[in-house]
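Engineer: Enclosed is the structure file query-v7.csv (CSV, N, CA and C atoms).
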```
chain,number,residue,atom,x,y,z
F,1179,MET,N,9.4,82.6,251.6
F,1179,MET,CA,10.6,83.3,252.1
F,1179,MET,C,11.4,83.7,250.8
F,1180,LEU,N,12.0,84.9,250.9
F,1180,LEU,CA,12.8,85.4,249.8
F,1180,LEU,C,14.1,84.6,249.6
F,1181,ASP,N,14.5,84.5,248.3
F,1181,ASP,CA,15.7,83.7,248.0
F,1181,ASP,C,16.9,84.3,248.7
F,1182,TRP,N,17.0,85.6,248.8
F,1182,TRP,CA,18.1,86.3,249.4
F,1182,TRP,C,18.2,86.0,250.9
F,1183,THR,N,17.0,85.9,251.5
F,1183,THR,CA,16.9,85.6,253.0
F,1183,THR,C,17.4,84.2,253.2
F,1184,GLN,N,16.9,83.3,252.3
F,1184,GLN,CA,17.3,81.9,252.5
F,1184,GLN,C,18.8,81.7,252.3
F,1185,LEU,N,19.3,82.4,251.3
F,1185,LEU,CA,20.8,82.4,251.0
F,1185,LEU,C,21.6,82.9,252.2
F,1186,GLY,N,21.1,84.0,252.8
F,1186,GLY,CA,21.7,84.5,254.0
F,1186,GLY,C,21.7,83.6,255.2
F,1187,ILE,N,20.6,82.9,255.4
F,1187,ILE,CA,20.5,81.9,256.5
F,1187,ILE,C,21.4,80.8,256.2
F,1188,ALA,N,21.4,80.3,254.9
F,1188,ALA,CA,22.3,79.2,254.6
F,1188,ALA,C,23.8,79.5,254.8
F,1189,TRP,N,24.2,80.7,254.4
F,1189,TRP,CA,25.6,81.1,254.6
F,1189,TRP,C,25.9,81.3,256.0
F,1190,GLY,N,24.9,81.9,256.8
F,1190,GLY,CA,25.2,82.0,258.3
F,1190,GLY,C,25.4,80.7,259.0
F,1191,LEU,N,24.5,79.7,258.7
F,1191,LEU,CA,24.6,78.4,259.2
F,1191,LEU,C,26.0,77.8,258.8
F,1192,THR,N,26.3,77.9,257.5
F,1192,THR,CA,27.5,77.3,257.0
F,1192,THR,C,28.7,77.9,257.7
F,1193,LEU,N,28.8,79.2,257.7
F,1193,LEU,CA,30.0,79.9,258.3
F,1193,LEU,C,30.1,79.5,259.8
F,1194,THR,N,29.0,79.5,260.5
F,1194,THR,CA,29.0,79.2,261.9
F,1194,THR,C,29.6,77.8,262.2
F,1195,LEU,N,29.0,76.8,261.5
F,1195,LEU,CA,29.4,75.4,261.7
F,1195,LEU,C,30.8,75.2,261.2
F,1196,THR,N,31.2,75.7,260.1
F,1196,THR,CA,32.5,75.4,259.5
F,1196,THR,C,33.6,76.1,260.3
F,1197,LEU,N,33.3,77.3,260.8
F,1197,LEU,CA,34.4,78.0,261.5
F,1197,LEU,C,34.6,77.3,262.9
F,1198,ILE,N,33.5,76.8,263.5
F,1198,ILE,CA,33.7,76.0,264.7
F,1198,ILE,C,34.6,74.8,264.4
F,1199,VAL,N,34.3,74.0,263.4
F,1199,VAL,CA,35.1,72.9,263.0
F,1199,VAL,C,36.6,73.3,262.7
F,1200,ALA,N,36.8,74.3,262.0
F,1200,ALA,CA,38.1,74.8,261.7
F,1200,ALA,C,38.9,75.2,262.9
F,1201,ALA,N,38.2,75.8,263.9
F,1201,ALA,CA,38.8,76.2,265.1
F,1201,ALA,C,39.2,75.0,266.0
F,1202,ILE,N,38.4,74.0,266.0
F,1202,ILE,CA,38.7,72.7,266.7
F,1202,ILE,C,39.8,72.0,266.1
F,1203,MET,N,39.9,72.0,264.7
F,1203,MET,CA,40.9,71.2,264.0
F,1203,MET,C,42.2,71.9,264.0
F,1204,ARG,N,42.3,73.2,264.1
F,1204,ARG,CA,43.5,73.9,263.9
F,1204,ARG,C,44.7,73.5,264.8
F,1205,PRO,N,44.6,73.4,266.1
F,1205,PRO,CA,45.8,72.9,266.9
F,1205,PRO,C,46.4,71.6,266.5
F,1206,PRO,N,45.5,70.5,266.4
F,1206,PRO,CA,46.1,69.2,266.0
F,1206,PRO,C,46.6,69.2,264.6
F,1207,LEU,N,45.9,69.9,263.7
F,1207,LEU,CA,46.3,70.0,262.3
F,1207,LEU,C,47.7,70.6,262.2
F,1208,PHE,N,47.9,71.7,262.9
F,1208,PHE,CA,49.2,72.4,262.9
F,1208,PHE,C,50.3,71.4,263.4
F,1209,ALA,N,50.0,70.7,264.4
F,1209,ALA,CA,51.0,69.7,264.9
F,1209,ALA,C,51.4,68.7,263.9
F,1210,VAL,N,50.4,68.2,263.2
F,1210,VAL,CA,50.6,67.2,262.2
F,1210,VAL,C,51.4,67.8,261.0
F,1211,MET,N,51.0,69.0,260.6
F,1211,MET,CA,51.7,69.7,259.6
F,1211,MET,C,53.2,70.0,259.9
F,1212,GLN,N,53.5,70.3,261.2
F,1212,GLN,CA,54.8,70.5,261.6
F,1212,GLN,C,55.6,69.2,261.4
F,1213,PHE,N,55.0,68.1,261.7
F,1213,PHE,CA,55.6,66.8,261.5
F,1213,PHE,C,55.9,66.5,260.1
F,1214,VAL,N,54.9,66.7,259.2
F,1214,VAL,CA,55.0,66.5,257.8
F,1214,VAL,C,55.9,67.4,257.1
F,1215,CYS,N,55.8,68.7,257.4
F,1215,CYS,CA,56.6,69.7,256.7
F,1215,CYS,C,58.0,69.8,257.2
F,1216,GLY,N,58.1,69.7,258.5
F,1216,GLY,CA,59.5,69.8,259.1
F,1216,GLY,C,59.8,71.3,259.5
F,1217,THR,N,59.0,72.2,259.1
F,1217,THR,CA,59.2,73.6,259.4
F,1217,THR,C,57.9,74.3,259.8
F,1218,ASP,N,58.0,75.3,260.7
F,1218,ASP,CA,56.9,76.1,261.1
F,1218,ASP,C,56.2,76.9,260.0
F,1219,ILE,N,57.0,77.4,259.0
F,1219,ILE,CA,56.5,78.2,257.9
F,1219,ILE,C,55.6,77.3,257.1
F,1220,GLY,N,56.1,76.1,256.7
F,1220,GLY,CA,55.2,75.2,255.9
F,1220,GLY,C,54.0,74.8,256.6
F,1221,ALA,N,54.1,74.5,257.9
F,1221,ALA,CA,53.0,74.1,258.7
F,1221,ALA,C,52.0,75.1,258.8
F,1222,ARG,N,52.4,76.4,259.0
F,1222,ARG,CA,51.4,77.5,259.1
F,1222,ARG,C,50.7,77.7,257.8
F,1223,PHE,N,51.4,77.6,256.7
F,1223,PHE,CA,50.7,77.7,255.4
F,1223,PHE,C,49.7,76.6,255.1
F,1224,TRP,N,50.1,75.4,255.3
F,1224,TRP,CA,49.1,74.3,255.1
F,1224,TRP,C,48.0,74.2,256.1
F,1225,THR,N,48.2,74.7,257.3
F,1225,THR,CA,47.1,74.8,258.3
F,1225,THR,C,46.2,75.8,257.8
F,1226,ALA,N,46.7,77.0,257.4
F,1226,ALA,CA,45.8,78.1,256.9
F,1226,ALA,C,45.0,77.6,255.7
F,1227,PHE,N,45.7,77.0,254.7
F,1227,PHE,CA,45.1,76.5,253.5
F,1227,PHE,C,44.0,75.5,253.9
F,1228,SER,N,44.2,74.6,254.8
F,1228,SER,CA,43.2,73.6,255.1
F,1228,SER,C,42.0,74.2,255.8
F,1229,SER,N,42.3,75.2,256.7
F,1229,SER,CA,41.2,75.9,257.4
F,1229,SER,C,40.3,76.6,256.4
F,1230,ILE,N,40.9,77.2,255.4
F,1230,ILE,CA,40.1,77.9,254.4
F,1230,ILE,C,39.3,76.9,253.6
F,1231,MET,N,39.9,75.8,253.3
F,1231,MET,CA,39.1,74.7,252.5
F,1231,MET,C,38.0,74.2,253.3
F,1232,ILE,N,38.2,74.0,254.7
F,1232,ILE,CA,37.1,73.6,255.5
F,1232,ILE,C,35.9,74.5,255.5
F,1233,VAL,N,36.1,75.8,255.3
F,1233,VAL,CA,35.1,76.8,255.2
F,1233,VAL,C,34.5,76.9,253.8
F,1234,VAL,N,35.4,77.0,252.8
F,1234,VAL,CA,34.9,77.3,251.5
F,1234,VAL,C,34.2,76.1,250.8
F,1235,GLY,N,34.6,74.9,251.1
F,1235,GLY,CA,34.0,73.7,250.4
F,1235,GLY,C,32.5,73.6,250.8
F,1236,PRO,N,32.1,73.6,252.0
F,1236,PRO,CA,30.7,73.5,252.4
F,1236,PRO,C,30.0,74.8,251.9
F,1237,LEU,N,30.6,75.9,252.0
F,1237,LEU,CA,29.9,77.2,251.6
F,1237,LEU,C,29.6,77.1,250.1
F,1238,PHE,N,30.5,76.5,249.3
F,1238,PHE,CA,30.2,76.3,247.9
F,1238,PHE,C,29.0,75.4,247.6
F,1239,LEU,N,29.0,74.2,248.3
F,1239,LEU,CA,27.9,73.3,248.2
F,1239,LEU,C,26.6,73.9,248.6
F,1240,VAL,N,26.5,74.6,249.7
F,1240,VAL,CA,25.3,75.2,250.2
F,1240,VAL,C,24.8,76.3,249.2
F,1241,SER,N,25.7,77.0,248.7
F,1241,SER,CA,25.4,78.1,247.7
F,1241,SER,C,24.7,77.5,246.5
F,1242,LEU,N,25.2,76.3,246.1
F,1242,LEU,CA,24.6,75.7,244.9
F,1242,LEU,C,23.3,75.0,245.1
F,1243,GLY,N,23.1,74.3,246.3
F,1243,GLY,CA,22.0,73.4,246.4
F,1243,GLY,C,20.9,73.7,247.4
F,1244,ALA,N,21.1,74.8,248.2
F,1244,ALA,CA,20.1,75.0,249.3
F,1244,ALA,C,18.9,75.7,248.8
F,1245,LEU,N,18.9,76.4,247.8
F,1245,LEU,CA,17.7,77.2,247.3
F,1245,LEU,C,16.7,76.3,246.6
F,1246,GLY,N,15.5,76.9,246.5
F,1246,GLY,CA,14.5,76.2,245.7
F,1246,GLY,C,13.6,75.3,246.5
F,1247,THR,N,13.6,75.5,247.8
F,1247,THR,CA,12.7,74.7,248.7
F,1247,THR,C,11.4,75.5,249.0
F,1248,THR,N,10.4,74.8,249.4
F,1248,THR,CA,9.1,75.5,249.6
F,1248,THR,C,8.8,75.8,251.1
F,1249,THR,N,9.4,75.0,252.0
F,1249,THR,CA,9.1,75.3,253.4
F,1249,THR,C,10.5,75.6,254.1
F,1250,LEU,N,10.4,76.3,255.2
F,1250,LEU,CA,11.6,76.6,256.0
F,1250,LEU,C,12.2,75.3,256.5
F,1251,ALA,N,11.4,74.4,257.0
F,1251,ALA,CA,12.0,73.1,257.5
F,1251,ALA,C,12.7,72.4,256.5
F,1252,ASP,N,12.2,72.3,255.3
F,1252,ASP,CA,12.9,71.6,254.2
F,1252,ASP,C,14.2,72.3,253.8
F,1253,PHE,N,14.1,73.6,253.8
F,1253,PHE,CA,15.3,74.4,253.5
F,1253,PHE,C,16.4,74.2,254.5
F,1254,VAL,N,16.1,74.2,255.8
F,1254,VAL,CA,17.1,74.1,256.8
F,1254,VAL,C,17.6,72.6,256.8
F,1255,ARG,N,16.8,71.7,256.5
F,1255,ARG,CA,17.2,70.3,256.4
F,1255,ARG,C,18.2,70.1,255.2
F,1256,ARG,N,17.8,70.7,254.1
F,1256,ARG,CA,18.7,70.6,252.9
F,1256,ARG,C,20.0,71.3,253.2
F,1257,SER,N,20.0,72.4,253.8
F,1257,SER,CA,21.2,73.2,254.1
F,1257,SER,C,22.1,72.4,255.0
F,1258,MET,N,21.6,71.8,256.1
F,1258,MET,CA,22.4,71.0,257.0
F,1258,MET,C,23.0,69.8,256.4
F,1259,VAL,N,22.2,69.1,255.5
F,1259,VAL,CA,22.7,68.0,254.8
F,1259,VAL,C,23.9,68.4,253.9
F,1260,LEU,N,23.8,69.5,253.2
F,1260,LEU,CA,24.9,70.0,252.4
F,1260,LEU,C,26.1,70.4,253.2
F,1261,ILE,N,25.9,71.1,254.3
F,1261,ILE,CA,27.0,71.5,255.2
F,1261,ILE,C,27.7,70.3,255.7
F,1262,SER,N,26.9,69.3,256.2
F,1262,SER,CA,27.6,68.1,256.7
F,1262,SER,C,28.3,67.3,255.6
F,1263,LEU,N,27.7,67.2,254.4
F,1263,LEU,CA,28.4,66.6,253.3
F,1263,LEU,C,29.7,67.3,252.9
F,1264,GLY,N,29.7,68.6,252.9
F,1264,GLY,CA,30.9,69.4,252.6
F,1264,GLY,C,31.9,69.2,253.6
F,1265,LEU,N,31.6,69.2,254.9
F,1265,LEU,CA,32.6,69.0,256.0
F,1265,LEU,C,33.1,67.6,256.0
F,1266,ILE,N,32.3,66.6,255.8
F,1266,ILE,CA,32.8,65.3,255.8
F,1266,ILE,C,33.7,65.0,254.6
F,1267,THR,N,33.4,65.5,253.4
F,1267,THR,CA,34.2,65.4,252.3
F,1267,THR,C,35.6,66.1,252.4
F,1268,THR,N,35.5,67.3,253.0
F,1268,THR,CA,36.7,68.1,253.1
F,1268,THR,C,37.7,67.5,254.2
F,1269,VAL,N,37.1,67.1,255.3
F,1269,VAL,CA,37.9,66.5,256.4
F,1269,VAL,C,38.5,65.1,255.9
F,1270,ALA,N,37.7,64.3,255.2
F,1270,ALA,CA,38.2,63.0,254.7
F,1270,ALA,C,39.3,63.2,253.7
F,1271,ALA,N,39.2,64.2,252.8
F,1271,ALA,CA,40.3,64.5,251.8
F,1271,ALA,C,41.5,64.9,252.6
F,1272,MET,N,41.4,65.7,253.6
F,1272,MET,CA,42.6,66.1,254.4
F,1272,MET,C,43.2,64.9,255.1
F,1273,GLY,N,42.3,64.0,255.6
F,1273,GLY,CA,42.8,62.8,256.3
F,1273,GLY,C,43.6,61.9,255.3
F,1274,ILE,N,43.1,61.8,254.1
F,1274,ILE,CA,43.8,60.9,253.1
F,1274,ILE,C,45.1,61.6,252.8
F,1275,ALA,N,45.1,62.9,252.6
F,1275,ALA,CA,46.4,63.6,252.2
F,1275,ALA,C,47.4,63.5,253.3
F,1276,VAL,N,47.0,63.7,254.6
F,1276,VAL,CA,47.9,63.6,255.7
F,1276,VAL,C,48.4,62.2,255.9
F,1277,ARG,N,47.5,61.2,255.8
F,1277,ARG,CA,48.0,59.8,255.9
F,1277,ARG,C,49.0,59.4,254.8
F,1278,ALA,N,48.8,59.9,253.6
F,1278,ALA,CA,49.7,59.6,252.5
F,1278,ALA,C,51.1,60.3,252.8
F,1279,ALA,N,51.0,61.5,253.4
F,1279,ALA,CA,52.3,62.2,253.7
F,1279,ALA,C,53.0,61.6,254.9
F,1280,THR,N,52.3,61.0,255.8
F,1280,THR,CA,53.0,60.5,257.0
F,1280,THR,C,53.3,59.1,256.9
F,1281,ARG,N,52.9,58.4,255.9
F,1281,ARG,CA,53.2,56.9,255.8
F,1281,ARG,C,54.7,56.7,255.5
F,1282,LYS,N,55.3,55.9,256.3
F,1282,LYS,CA,56.7,55.6,256.1
F,1282,LYS,C,56.8,54.5,255.0
F,1283,PRO,N,57.9,54.7,254.2
F,1283,PRO,CA,58.1,53.6,253.2
F,1283,PRO,C,58.5,52.3,253.9
F,1284,PRO,N,58.2,51.2,253.3
F,1284,PRO,CA,58.6,49.9,254.0
F,1284,PRO,C,60.2,49.8,254.0
F,1285,GLU,N,60.6,49.3,255.1
F,1285,GLU,CA,62.1,49.2,255.3
F,1285,GLU,C,62.5,47.9,254.5
F,1286,PRO,N,63.7,48.0,253.9
F,1286,PRO,CA,64.2,46.9,253.2
F,1286,PRO,C,64.6,45.8,254.1
F,1287,PRO,N,64.5,44.5,253.7
F,1287,PRO,CA,64.9,43.5,254.6
F,1287,PRO,C,66.5,43.5,254.9
F,1288,VAL,N,66.8,43.2,256.1
F,1288,VAL,CA,68.2,43.2,256.5
F,1288,VAL,C,68.9,41.9,256.1
F,1289,ALA,N,70.0,42.0,255.3
F,1289,ALA,CA,70.7,40.8,254.9
F,1289,ALA,C,71.6,40.3,256.0
F,1290,GLU,N,71.6,39.1,256.2
F,1290,GLU,CA,72.5,38.5,257.2
F,1290,GLU,C,73.7,37.8,256.7
```
Let me see the file written as structure tokens.
Structural biologist:
Amino acid sequence: MLDWTQLGIAWGLTLTLTLIVAAIMRPPLFAVMQFVCGTDIGARFWTAFSSIMIVVGPLFLVSLGALGTTTLADFVRRSMVLISLGLITTVAAMGIAVRAATRKPPEPPVAE
């Protein structure tokens, strides 16, 4: 199979799966960003930024590592592993960032 054909298939798989994940995550992510930012403008920006990162992160991984396989089955397997790794890493990083932003500082003890 041609390298350009493989790259096209990898990009197609990546874009399809990551856009589905970004669409599913968008409403709850926007609600959390409204809570964290306190304004709709900030929430819209960070939701858009996060959605872009959900797509671009796995696309970058697949572009680097999916080529160089000998069979179509090996190519699809490697592409799916890289897409999954990119999505898991991106969503985990977003989760850590949101958790850090929403964590309340400990309340000082009340003196009696």
Engineer: Name the residues, using the chain letters and numbers of the file, that sit within 9 Å of (53.2, 70.2, 257.2) when counting only C-alpha atoms, and give them as a ChimeraX atom specification.
Structural biologist: /F:1207-1225,1276,1279
Engineer: Using Å and a single decimal, report how far atom CA of F:Lys1282 sits from atom C of F:Ile1230.
Structural biologist: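 Atom-to-atom, atom C of F:Ile1230 to atom CA of F:Lys1282, that is 27.6 Å.
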Engineer: Nearest residue to F:Gly1264 out of F:Ala1226, F:Ile1202, F:Val1288, F:Leu1195, using only C-alpha atoms?
Structural biologist: F:Leu1195
Engineer: Please return as a list in words every residue within 10 Å of (23.9, 75.4, 256.4), taking into account only C-alpha atoms and the file's own coordinates.
Structural biologist: Leu1185, Gly1186, Ile1187, Ala1188, Trp1189, Gly1190, Leu1191, Thr1192, Leu1193, Thr1194, Leu1195, Thr1196, Pro1236, Leu1237, Leu1239, Val1240, Ser1241, Ala1244, Phe1253, Val1254, Arg1255, Arg1256, Ser1257, Met1258, Val1259, Leu1260, Ile1261, Ser1262 and Gly1264 of chain F
Engineer: What's the separation between atom C of F:Ala1200 and atom CA of F:Ser1229, in Å to one decimal place?
Structural biologist: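 Straight-line distance from atom C of F:Ala1200 to atom CA of F:Ser1229 works out to 6.0 Å.
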Engineer: For the atom pair atom CA of F:Gln1184 and atom CA of F:Ala1201, what is the interatomic distance in Å to one decimal place?
Structural biologist: 25.6 Å
Engineer: Taking only C-alpha atoms into account, name the residue in F:Met1272, F:Val1233, F:Thr1183, F:Ser1228 that is nearest to F:Leu1197.
Structural biologist: F:Val1233
Engineer: With distances taken over only C-alpha atoms, which of F:Pro1286, F:Pro1205, F:Thr1267, F:Thr1248 is nearest to F:Met1231?
Structural biologist: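 Looking only at the distances to F:Met1231, the closest residue turns out to be F:Thr1267.
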